[in-house]
Amino acid sequence: MCSSDLATHLPGACDAGRAVSCRQLGALLLRVEGKPDSAKALASLKAACAKKDAIGCGLLGELKVVGRRADRNLVEARANHQVACDAGIVTSCVDLGVLLATGRGGARDLTAAATLFDKACGARSTRGCVQSQRVKFVTRTAKDGAPFLAQFDEACKNGELTACG
């Protein structure tokens with residue numbers, strides 16, 4: 001089925017209460033060639049998240065961080081990523097941790113961020129491991145720098161460009 005067929009069928013499935021269809025429609029609308037429809041994508045992802053689709057909540061959180069000016073809301077992004085993280089979406093745990101570590105969208109909380117990064121690292125997220133080590137370095141909770149450097153070296157070799165710096 002091509003994307004134009006999906007665009008025809010997904011709105012009805014979303015309206016019928018299928019959370020996955022709402023998520024897929026939102027993602028599709030964000031990737032339309034020429035001019036993505038972020039307003040409709042936002043509405044579809046909100047519907048997916050309201051229907052307890054964790055991936056939809058994570059995508060909504062991403063849109064709330066990087067979307068158009070009218071779509072941005074870091075407080076809502078935190079809440080959306082929290083729902084997704086609680087449901088096991090590891091990328092949302094890392095994204096929420098970054099928001100907490102930087103104080104974007106609310107109070108800065110390095111302890112909570114470190115917990116999220118450790119959770120993501122335990123789930124084999126290279127990005128989570130990098131962020132975990134970064135927090136330990138910043139808070140000086142690492143006993144020495146060797147594990148920190150080894151973790152960054154490994155992450156860099158695995159393609160995590162933020163670790164290479």
# chains A, B, ... in the order shown; residues from 1 in each chain; ligands from 1
$ select_by_dssp --residues "range 12-154 of chain A" --states "alpha helix (DSSP H)" --output "count of residues only"
103
$ residues_around --residues "Lys46 in chain A" --least-positions-apart "3" --cutoff "12 Å" --atoms "only C-alpha atoms" --output "MDAnalysis selection string"
chainID A and resid 14 19:20 22:27 38:43 49:61 63:64 71 76:77 80
$ residues_around --residues "range 103-118 of chain A" --least-positions-apart "3" --cutoff "8 Å" --atoms "only C-alpha atoms" --output "mmCIF file with N, CA and C atoms, in the first residue's frame"
data_model
loop_
_atom_site.group_PDB
_atom_site.id
_atom_site.type_symbol
_atom_site.label_atom_id
_atom_site.label_comp_id
_atom_site.auth_asym_id
_atom_site.auth_seq_id
_atom_site.Cartn_x
_atom_site.Cartn_y
_atom_site.Cartn_z
ATOM 1 N N ASN A 73 6.138 22.906 23.088
ATOM 2 C CA ASN A 73 5.719 23.052 24.477
ATOM 3 C C ASN A 73 6.531 22.033 25.279
ATOM 4 N N LEU A 74 7.571 22.504 25.928
ATOM 5 C CA LEU A 74 8.489 21.594 26.609
ATOM 6 C C LEU A 74 7.878 20.954 27.847
ATOM 7 N N VAL A 75 6.921 21.617 28.484
ATOM 8 C CA VAL A 75 6.223 21.016 29.628
ATOM 9 C C VAL A 75 5.423 19.805 29.142
ATOM 10 N N GLU A 76 4.697 19.992 28.042
ATOM 11 C CA GLU A 76 3.940 18.870 27.472
ATOM 12 C C GLU A 76 4.881 17.789 26.951
ATOM 13 N N ALA A 77 6.015 18.194 26.380
ATOM 14 C CA ALA A 77 6.980 17.215 25.885
ATOM 15 C C ALA A 77 7.434 16.301 27.021
ATOM 16 N N ARG A 78 7.717 16.890 28.181
ATOM 17 C CA ARG A 78 8.111 16.078 29.338
ATOM 18 C C ARG A 78 7.017 15.069 29.685
ATOM 19 N N CYS A 93 12.761 7.719 27.199
ATOM 20 C CA CYS A 93 13.448 7.832 28.495
ATOM 21 C C CYS A 93 14.664 8.738 28.356
ATOM 22 N N VAL A 94 15.406 8.551 27.273
ATOM 23 C CA VAL A 94 16.585 9.390 27.046
ATOM 24 C C VAL A 94 16.162 10.828 26.785
ATOM 25 N N LEU A 96 13.446 12.379 27.709
ATOM 26 C CA LEU A 96 12.971 12.963 28.966
ATOM 27 C C LEU A 96 14.166 13.293 29.869
ATOM 28 N N GLY A 97 15.124 12.404 29.929
ATOM 29 C CA GLY A 97 16.317 12.652 30.729
ATOM 30 C C GLY A 97 17.051 13.900 30.285
ATOM 31 N N VAL A 98 17.149 14.114 28.992
ATOM 32 C CA VAL A 98 17.813 15.310 28.467
ATOM 33 C C VAL A 98 17.051 16.557 28.903
ATOM 34 N N LEU A 99 15.716 16.514 28.811
ATOM 35 C CA LEU A 99 14.917 17.662 29.252
ATOM 36 C C LEU A 99 15.118 17.933 30.744
ATOM 37 N N LEU A 100 15.169 16.871 31.535
ATOM 38 C CA LEU A 100 15.381 17.037 32.972
ATOM 39 C C LEU A 100 16.792 17.535 33.286
ATOM 40 N N CYS A 121 20.405 2.907 29.352
ATOM 41 C CA CYS A 121 21.673 2.214 29.136
ATOM 42 C C CYS A 121 21.508 0.719 29.408
ATOM 43 N N GLY A 122 20.774 0.394 30.480
ATOM 44 C CA GLY A 122 20.498 -1.005 30.801
ATOM 45 C C GLY A 122 19.700 -1.720 29.720
ATOM 46 N N GLY A 128 21.654 6.438 25.678
ATOM 47 C CA GLY A 128 21.402 6.445 27.110
ATOM 48 C C GLY A 128 22.686 6.265 27.910
ATOM 49 N N CYS A 129 23.556 5.378 27.441
ATOM 50 C CA CYS A 129 24.840 5.148 28.126
ATOM 51 C C CYS A 129 25.724 6.387 28.069
ATOM 52 N N GLN A 131 24.741 9.507 27.758
ATOM 53 C CA GLN A 131 24.171 10.528 28.642
ATOM 54 C C GLN A 131 24.395 10.173 30.108
ATOM 55 N N SER A 132 24.307 8.895 30.440
ATOM 56 C CA SER A 132 24.554 8.453 31.805
ATOM 57 C C SER A 132 25.970 8.822 32.238
ATOM 58 N N VAL A 135 26.362 12.627 32.771
ATOM 59 C CA VAL A 135 25.849 13.101 34.066
ATOM 60 C C VAL A 135 26.825 12.745 35.177
ATOM 61 N N LYS A 136 27.367 11.545 35.129
ATOM 62 C CA LYS A 136 28.338 11.142 36.160
ATOM 63 C C LYS A 136 29.580 12.029 36.116
#
$ closest_residue --among "A:Gly17, A:Gly12, A:Gly67, A:Gly159" --to "Asp37 in chain A" --atoms "only C-alpha atoms"
A:Gly67
